[in-house]
Amino acid sequence: MHARGTVDPGNIAIGVIIGRTSEFFDFFVYAIASVLVFPKLIFPFADPLRGTLLSFLVFSLAFIARPIGSFIFMAIDRTYGRGVKLTIALFLLGGSTASMSFLPGYSEVGVYAIVLLAFLRIGQGLALGGAWDGLASLLALNAPTDRRGWYAMIPQLGAPTGFMLASALFAYFAMSLSTVDFLEYGWRYPFFCAFMVNVVALFARLRLVATPEFGALLERHELEPVKMTELLRVHGRDVLIGAFVPLASFATFHLVTVFPLGWVTLYSAQSPGSFLLVEFLGAICGIVAIVCSGLLADRIGRRNQLAVGAVLIAIFAFVAPWLLDGGVTGRHIYVVLGFTLLGLSFGQAAGASASRFSRNYRYSGSALTSDLSWLIGAGFAPFVALALSSQFGLVYTSLYLLSGVVCTLVAIFFSKTLETRDN
């Protein structure tokens with residue numbers, strides 16, 4: 001029997017941040033390479049725009065695979081336990097990412113290069129579905145009543161931190177090496193790092209998952225995996241609404257990270273390495289904004305916080321085309337402002353979705369809702385934004401962002417219990 005008790009929120013917070021950072025590091029290493037490397041290495045037969053669009057289509061495969069991964073790994077969790085599930089998932093994630101460093105080019109093996117890239121990208125997606133450890137839910141359950149917004153934002157810090165690590169590595173190699181050397185071997189080093197990062201994250205998370213207190217929560221059926229059919233039967237409406245609540249922030253997520261990097265690479269003279277450094281600084285602003293979102297949510301409430309964030313993103317959508325097309329200064333303002341608004345909205349997105357579920361369904365409900373949110377709001381964002389803007393102009397990127405804002409505001413309107421389930 002596991003001992004009863006609570007887990008120190010500080011220790012949980014450290015484990016959550018390490019875990020999310022490792023996941024997003026793998027995610028962004030691939031995302032950056034999908035702009036700087038894969039169009040030339042895997043799709044050299046296409047012009048730069050078509051090659052990038054094809055690369056973005058492969059990019060979306062992980063988001064399609066992610067809900068499938070949740071179904072598979074939840075079954076493993078129920079049968080063999082959380083530790084086994086996490087071990088398999090993180091080794092699959094790190095292994096898939098690290099294996100990409102050995103990818104041959106299209107010029108060497110032809111279409112098999114595309115097949116291998118797609119296969120490994122699907123492996124990343126399946127693994128991300130299985131990497132859900134419940135620590136964010138455990139953190140929320142152990143958070144003081146008057147500081148739930150603060151503790152809800154902590155897992156979100158992993159996204160900008162992971163992006164900072166990935167962008168710094170790519171910027172270093174892109175700026176230190178010639179284009180030929182970077183495409184030959186320089187881009188592979190960030191992928192090499194992925195496996196080590198995931199091993200460190202695995203041990204940090206297992207140390208908490210194996211605690212008696214965590215086991216006690218499992219025994220009280222507060223963080224146990226449930227069958228997805230049962231989850232949808234009991235909380236189907238909550239899954240649907242929860243999937244649309246964060247769409248404003250999730251759409252913004254890729255429109256300030258992957259898409260502008262692609263636009264700058266294709267349509268400007270600015271070097272990708274220098275632009276990655278600007279995005280690195282933007283991610284720092286995003287971290288500050290995420291922290292502020294926790295303070296603000298505890299003052300005005302999470303629903304109001306998310307609504308304010310969505311409205312600010314809508315305003316940003318109207319000025320974004322002129323900023324992105326406004327030269328070096330305009331692009332830098334776009335990145336810094338975009339990351340700041342992303343942080344304010346993204347900081348409470350996951351907590352809002354999780355709070356809709358009763359405790360015994362929160363673990364599985366949060367995982368599935370997150371998977372669907374990423375798929376709907378972010379999975380195809382780089383492809384759609386680049387396709388629309390290159391064909392019709394950057395103003396259509398604004399329309400895409402505004403569609404996410406509308407979805408968020410409508411979901412918030414129909415979500416009357418966002419603040420009540422944490423009790």
# chains A, B, ... in the order shown; residues from 1 in each chain; ligands from 1

$ residues_around --residues "Leu165 in chain A" --least-positions-apart "2" --cutoff "9 Å" --atoms "only C-alpha atoms" --output "PyMOL selection string"
chain A and resi 21+25+28-29+160-163+167-170+280

$ residues_around --residues "Leu61 in chain A" --least-positions-apart "4" --cutoff "9 Å" --atoms "only C-alpha atoms" --output "number ranges by chain"
A: 57, 65-66, 118, 121-122, 125, 379

$ write_last_selection --atoms "N, CA, C and O atoms" --output "JSON list (two decimals), in the first residue's frame"
[["chain", "number", "residue", "atom", "x", "y", "z"],
["A", 57, "LEU", "N", 3.66, 19.61, -44.35],
["A", 57, "LEU", "CA", 2.68, 18.51, -44.33],
["A", 57, "LEU", "C", 3.19, 17.33, -43.52],
["A", 57, "LEU", "O", 2.44, 16.72, -42.75],
["A", 65, "ALA", "N", -0.99, 11.69, -35.28],
["A", 65, "ALA", "CA", -0.65, 10.46, -34.55],
["A", 65, "ALA", "C", -0.81, 10.61, -33.05],
["A", 65, "ALA", "O", -0.98, 9.61, -32.34],
["A", 66, "ARG", "N", -0.76, 11.83, -32.55],
["A", 66, "ARG", "CA", -0.74, 12.04, -31.10],
["A", 66, "ARG", "C", -1.97, 11.46, -30.38],
["A", 66, "ARG", "O", -1.81, 10.76, -29.36],
["A", 118, "ALA", "N", 8.74, 10.62, -42.63],
["A", 118, "ALA", "CA", 7.35, 10.51, -42.20],
["A", 118, "ALA", "C", 7.20, 9.47, -41.09],
["A", 118, "ALA", "O", 6.47, 9.69, -40.11],
["A", 121, "ARG", "N", 8.56, 10.89, -37.87],
["A", 121, "ARG", "CA", 7.68, 11.95, -37.39],
["A", 121, "ARG", "C", 6.43, 11.36, -36.74],
["A", 121, "ARG", "O", 5.97, 11.85, -35.70],
["A", 122, "ILE", "N", 5.89, 10.31, -37.31],
["A", 122, "ILE", "CA", 4.76, 9.62, -36.69],
["A", 122, "ILE", "C", 5.18, 9.03, -35.35],
["A", 122, "ILE", "O", 4.43, 9.07, -34.37],
["A", 125, "GLY", "N", 4.98, 11.65, -32.80],
["A", 125, "GLY", "CA", 3.60, 11.94, -32.42],
["A", 125, "GLY", "C", 3.03, 10.89, -31.49],
["A", 125, "GLY", "O", 2.37, 11.21, -30.49],
["A", 379, "GLY", "N", -1.75, 21.86, -35.60],
["A", 379, "GLY", "CA", -1.14, 20.84, -36.44],
["A", 379, "GLY", "C", -0.88, 21.28, -37.87],
["A", 379, "GLY", "O", 0.17, 20.99, -38.44]]

$ residues_around --residues "range 264-271 of chain A" --least-positions-apart "4" --cutoff "8 Å" --atoms "only C-alpha atoms" --output "list in words"
Val35, Leu36, Pro48, Leu49, Pro260, Phe275 and Val328 of chain A

$ write_last_selection --atoms "N, CA, C and O atoms" --output "PDB file, in the first residue's frame"
ATOM      1  N   VAL A  35      11.989  23.823 -41.667  1.00  0.00           N
ATOM      2  CA  VAL A  35      12.162  25.043 -42.463  1.00  0.00           C
ATOM      3  C   VAL A  35      13.560  25.113 -43.068  1.00  0.00           C
ATOM      4  O   VAL A  35      13.726  25.372 -44.258  1.00  0.00           O
ATOM      5  N   LEU A  36      14.574  24.860 -42.242  1.00  0.00           N
ATOM      6  CA  LEU A  36      15.954  25.114 -42.659  1.00  0.00           C
ATOM      7  C   LEU A  36      16.610  23.948 -43.381  1.00  0.00           C
ATOM      8  O   LEU A  36      17.558  24.152 -44.148  1.00  0.00           O
ATOM      9  N   PRO A  48      11.696  26.150 -53.547  1.00  0.00           N
ATOM     10  CA  PRO A  48      11.752  26.391 -52.093  1.00  0.00           C
ATOM     11  C   PRO A  48      10.388  26.484 -51.414  1.00  0.00           C
ATOM     12  O   PRO A  48      10.209  25.942 -50.313  1.00  0.00           O
ATOM     13  N   LEU A  49       9.420  27.135 -52.045  1.00  0.00           N
ATOM     14  CA  LEU A  49       8.093  27.251 -51.426  1.00  0.00           C
ATOM     15  C   LEU A  49       7.410  25.894 -51.347  1.00  0.00           C
ATOM     16  O   LEU A  49       6.932  25.493 -50.280  1.00  0.00           O
ATOM     17  N   PRO A 260       6.831  32.292 -39.129  1.00  0.00           N
ATOM     18  CA  PRO A 260       7.667  33.448 -39.499  1.00  0.00           C
ATOM     19  C   PRO A 260       9.088  33.054 -39.891  1.00  0.00           C
ATOM     20  O   PRO A 260       9.703  33.710 -40.740  1.00  0.00           O
ATOM     21  N   PHE A 275      17.602  35.450 -37.224  1.00  0.00           N
ATOM     22  CA  PHE A 275      16.179  35.507 -36.870  1.00  0.00           C
ATOM     23  C   PHE A 275      15.859  34.551 -35.729  1.00  0.00           C
ATOM     24  O   PHE A 275      15.013  34.845 -34.877  1.00  0.00           O
ATOM     25  N   VAL A 328      13.104  44.552 -41.210  1.00  0.00           N
ATOM     26  CA  VAL A 328      13.728  43.902 -40.059  1.00  0.00           C
ATOM     27  C   VAL A 328      13.095  44.347 -38.752  1.00  0.00           C
ATOM     28  O   VAL A 328      12.742  43.522 -37.892  1.00  0.00           O
TER      29      VAL A 328
END

$ residues_around --residues "range 397-412 of chain A" --least-positions-apart "2" --cutoff "10 Å" --atoms "only C-alpha atoms" --output "ChimeraX atom specification"
/A:240-252,255,259,303-304,306-321,352,376-378,381-382,384-390,392-395,414-418

$ atom_distance --atom1 "CA of Ala283 in chain A" --atom2 "CA of Phe253 in chain A"
10.9 Å

$ closest_residue --among "A:Phe346, A:Trp150, A:Phe27, A:Trp187" --to "Phe63 in chain A" --atoms "only C-alpha atoms"
A:Phe27

$ atom_distance --atom1 "CA of Ile42 in chain A" --atom2 "CA of Glu108 in chain A"
9.8 Å

$ closest_residue --among "A:Val58, A:Met164, A:Met228, A:Val239" --to "Phe119 in chain A" --atoms "only C-alpha atoms"
A:Val58

$ closest_residue --among "A:Leu342, A:Met175, A:Ile72, A:Met153" --to "Pro225 in chain A" --atoms "only C-alpha atoms"
A:Ile72

$ atom_distance --atom1 "CA of Gly83 in chain A" --atom2 "CA of Met100 in chain A"
25.9 Å

$ residues_around --residues "range 229-235 of chain A" --least-positions-apart "5" --cutoff "9 Å" --atoms "only C-alpha atoms" --output "list in words"
Leu240, Arg356, Phe357, Ser358, Tyr361, Ser364 and Gly365 of chain A

$ write_last_selection --atoms "all heavy atoms" --output "short mmCIF file (atom, residue, chain, number, x, y, z; two decimals), in the first residue's frame"
data_model
loop_
_atom_site.label_atom_id
_atom_site.label_comp_id
_atom_site.auth_asym_id
_atom_site.auth_seq_id
_atom_site.Cartn_x
_atom_site.Cartn_y
_atom_site.Cartn_z
N LEU A 240 -15.02 18.14 -26.03
CA LEU A 240 -15.25 18.97 -27.20
C LEU A 240 -15.01 20.45 -26.90
O LEU A 240 -14.27 21.13 -27.63
CB LEU A 240 -16.69 18.75 -27.70
CG LEU A 240 -17.09 19.58 -28.94
CD1 LEU A 240 -16.24 19.19 -30.13
CD2 LEU A 240 -18.58 19.38 -29.24
N ARG A 356 -12.12 21.15 -16.35
CA ARG A 356 -13.47 20.75 -16.71
C ARG A 356 -13.80 19.33 -16.24
O ARG A 356 -14.97 18.96 -16.19
CB ARG A 356 -13.67 20.82 -18.24
CG ARG A 356 -13.55 22.23 -18.81
CD ARG A 356 -14.09 22.28 -20.23
NE ARG A 356 -15.47 21.79 -20.27
CZ ARG A 356 -16.53 22.54 -20.00
NH1 ARG A 356 -16.37 23.79 -19.61
NH2 ARG A 356 -17.74 22.04 -20.07
N PHE A 357 -12.78 18.55 -15.92
CA PHE A 357 -13.01 17.13 -15.64
C PHE A 357 -13.03 16.85 -14.15
O PHE A 357 -12.25 17.41 -13.38
CB PHE A 357 -11.90 16.29 -16.31
CG PHE A 357 -11.86 16.43 -17.80
CD1 PHE A 357 -10.97 17.31 -18.40
CD2 PHE A 357 -12.73 15.72 -18.60
CE1 PHE A 357 -10.94 17.46 -19.77
CE2 PHE A 357 -12.71 15.86 -19.97
CZ PHE A 357 -11.82 16.74 -20.56
N SER A 358 -13.93 15.96 -13.75
CA SER A 358 -13.91 15.48 -12.38
C SER A 358 -12.61 14.72 -12.15
O SER A 358 -11.96 14.27 -13.08
CB SER A 358 -15.12 14.58 -12.12
OG SER A 358 -15.21 13.56 -13.09
N TYR A 361 -11.46 11.47 -13.85
CA TYR A 361 -11.36 11.50 -15.30
C TYR A 361 -10.34 12.54 -15.78
O TYR A 361 -10.13 12.69 -16.98
CB TYR A 361 -12.72 11.82 -15.93
CG TYR A 361 -13.72 10.70 -15.80
CD1 TYR A 361 -14.67 10.70 -14.78
CD2 TYR A 361 -13.72 9.62 -16.68
CE1 TYR A 361 -15.60 9.67 -14.65
CE2 TYR A 361 -14.64 8.59 -16.56
CZ TYR A 361 -15.57 8.62 -15.55
OH TYR A 361 -16.48 7.58 -15.44
N SER A 364 -6.95 11.21 -17.95
CA SER A 364 -7.21 10.84 -19.34
C SER A 364 -7.87 11.98 -20.11
O SER A 364 -7.57 12.19 -21.29
CB SER A 364 -8.11 9.60 -19.39
OG SER A 364 -7.48 8.50 -18.77
N GLY A 365 -8.77 12.70 -19.44
CA GLY A 365 -9.46 13.80 -20.11
C GLY A 365 -8.51 14.90 -20.54
O GLY A 365 -8.62 15.45 -21.65
#

$ closest_residue --among "A:Leu296, A:Leu261, A:Leu90, A:Ala62" --to "Trp374 in chain A" --atoms "only C-alpha atoms"
A:Ala62

$ residues_around --residues "Ala201 in chain A" --least-positions-apart "4" --cutoff "12 Å" --atoms "only C-alpha atoms" --output "ChimeraX atom specification"
/A:14-26,86-87,89-91,93-94,131,133,158,194-197,205-208

$ write_last_selection --atoms "N, CA, C and O atoms" --output "CSV table (one decimal), in the first residue's frame"
chain,number,residue,atom,x,y,z
A,14,ILE,N,9.2,21.3,-10.6
A,14,ILE,CA,10.5,21.0,-11.2
A,14,ILE,C,10.3,19.8,-12.2
A,14,ILE,O,10.8,19.9,-13.3
A,15,GLY,N,9.7,18.8,-11.7
A,15,GLY,CA,9.5,17.6,-12.6
A,15,GLY,C,8.7,17.9,-13.8
A,15,GLY,O,9.0,17.5,-15.0
A,16,VAL,N,7.6,18.8,-13.7
A,16,VAL,CA,6.8,19.1,-14.8
A,16,VAL,C,7.6,20.0,-15.8
A,16,VAL,O,7.5,19.7,-17.0
A,17,ILE,N,8.3,20.9,-15.3
A,17,ILE,CA,9.1,21.8,-16.2
A,17,ILE,C,10.1,21.0,-17.0
A,17,ILE,O,10.3,21.2,-18.2
A,18,ILE,N,10.8,20.1,-16.3
A,18,ILE,CA,11.8,19.3,-17.0
A,18,ILE,C,11.2,18.4,-18.1
A,18,ILE,O,11.6,18.3,-19.2
A,19,GLY,N,10.1,17.8,-17.7
A,19,GLY,CA,9.4,17.0,-18.6
A,19,GLY,C,8.9,17.7,-19.9
A,19,GLY,O,9.1,17.3,-21.0
A,20,ARG,N,8.2,18.8,-19.6
A,20,ARG,CA,7.6,19.6,-20.8
A,20,ARG,C,8.8,20.2,-21.6
A,20,ARG,O,8.6,20.3,-22.8
A,21,THR,N,9.8,20.6,-21.0
A,21,THR,CA,11.0,21.2,-21.8
A,21,THR,C,11.5,20.1,-22.7
A,21,THR,O,11.8,20.4,-23.9
A,22,SER,N,11.7,18.9,-22.2
A,22,SER,CA,12.2,17.8,-23.1
A,22,SER,C,11.3,17.5,-24.3
A,22,SER,O,11.8,17.4,-25.4
A,23,GLU,N,10.0,17.5,-24.0
A,23,GLU,CA,9.0,17.2,-25.1
A,23,GLU,C,9.1,18.3,-26.1
A,23,GLU,O,9.1,18.1,-27.4
A,24,PHE,N,9.1,19.6,-25.7
A,24,PHE,CA,9.0,20.7,-26.6
A,24,PHE,C,10.4,20.9,-27.3
A,24,PHE,O,10.5,21.4,-28.4
A,25,PHE,N,11.5,20.5,-26.6
A,25,PHE,CA,12.8,20.6,-27.3
A,25,PHE,C,12.8,19.7,-28.5
A,25,PHE,O,13.2,20.1,-29.6
A,26,ASP,N,12.3,18.4,-28.4
A,26,ASP,CA,12.2,17.5,-29.5
A,26,ASP,C,11.3,18.1,-30.6
A,26,ASP,O,11.6,18.0,-31.8
A,86,LEU,N,5.7,5.6,-19.4
A,86,LEU,CA,6.6,6.7,-19.6
A,86,LEU,C,8.0,6.3,-20.2
A,86,LEU,O,8.5,7.0,-21.1
A,87,THR,N,8.5,5.2,-19.7
A,87,THR,CA,9.8,4.7,-20.2
A,87,THR,C,9.7,4.4,-21.7
A,87,THR,O,10.6,4.9,-22.5
A,89,ALA,N,7.4,5.5,-23.9
A,89,ALA,CA,7.1,6.7,-24.6
A,89,ALA,C,8.3,7.7,-24.8
A,89,ALA,O,8.6,8.2,-25.9
A,90,LEU,N,9.1,7.9,-23.7
A,90,LEU,CA,10.2,8.8,-23.8
A,90,LEU,C,11.4,8.2,-24.6
A,90,LEU,O,12.1,8.9,-25.3
A,91,PHE,N,11.6,6.9,-24.5
A,91,PHE,CA,12.6,6.3,-25.4
A,91,PHE,C,12.2,6.3,-26.8
A,91,PHE,O,13.0,6.5,-27.7
A,93,LEU,N,10.2,8.7,-28.1
A,93,LEU,CA,10.4,10.1,-28.5
A,93,LEU,C,11.8,10.5,-28.8
A,93,LEU,O,12.1,11.0,-29.8
A,94,GLY,N,12.7,10.2,-27.8
A,94,GLY,CA,14.1,10.5,-28.0
A,94,GLY,C,14.7,9.7,-29.1
A,94,GLY,O,15.5,10.2,-29.9
A,131,ALA,N,3.5,10.5,-23.6
A,131,ALA,CA,4.4,11.1,-22.6
A,131,ALA,C,3.6,11.8,-21.5
A,131,ALA,O,4.2,12.4,-20.6
A,133,ASP,N,2.1,12.4,-18.2
A,133,ASP,CA,2.4,11.7,-17.0
A,133,ASP,C,1.5,12.0,-15.8
A,133,ASP,O,1.6,11.4,-14.8
A,158,GLY,N,7.5,25.0,-20.1
A,158,GLY,CA,8.3,24.1,-20.8
A,158,GLY,C,8.4,24.4,-22.3
A,158,GLY,O,9.4,24.1,-23.0
A,194,ALA,N,18.8,15.2,-28.4
A,194,ALA,CA,17.4,14.9,-28.0
A,194,ALA,C,17.4,13.6,-27.1
A,194,ALA,O,16.7,13.6,-26.1
A,195,PHE,N,18.1,12.6,-27.5
A,195,PHE,CA,18.1,11.4,-26.7
A,195,PHE,C,18.6,11.6,-25.3
A,195,PHE,O,17.9,11.2,-24.3
A,196,MET,N,19.7,12.3,-25.1
A,196,MET,CA,20.2,12.6,-23.8
A,196,MET,C,19.2,13.5,-22.9
A,196,MET,O,19.0,13.2,-21.7
A,197,VAL,N,18.6,14.5,-23.6
A,197,VAL,CA,17.6,15.3,-22.9
A,197,VAL,C,16.5,14.5,-22.4
A,197,VAL,O,16.0,14.6,-21.3
A,205,ARG,N,11.1,12.5,-14.0
A,205,ARG,CA,9.7,12.3,-13.9
A,205,ARG,C,9.4,11.0,-13.2
A,205,ARG,O,8.4,10.9,-12.4
A,206,LEU,N,10.2,9.9,-13.4
A,206,LEU,CA,10.0,8.7,-12.7
A,206,LEU,C,10.2,8.8,-11.2
A,206,LEU,O,9.5,8.2,-10.4
A,207,ARG,N,11.1,9.7,-10.9
A,207,ARG,CA,11.3,10.0,-9.4
A,207,ARG,C,10.1,10.4,-8.7
A,207,ARG,O,9.9,10.1,-7.5
A,208,LEU,N,9.2,11.2,-9.4
A,208,LEU,CA,8.0,11.7,-8.8
A,208,LEU,C,6.9,10.7,-9.0
A,208,LEU,O,6.1,10.4,-8.1
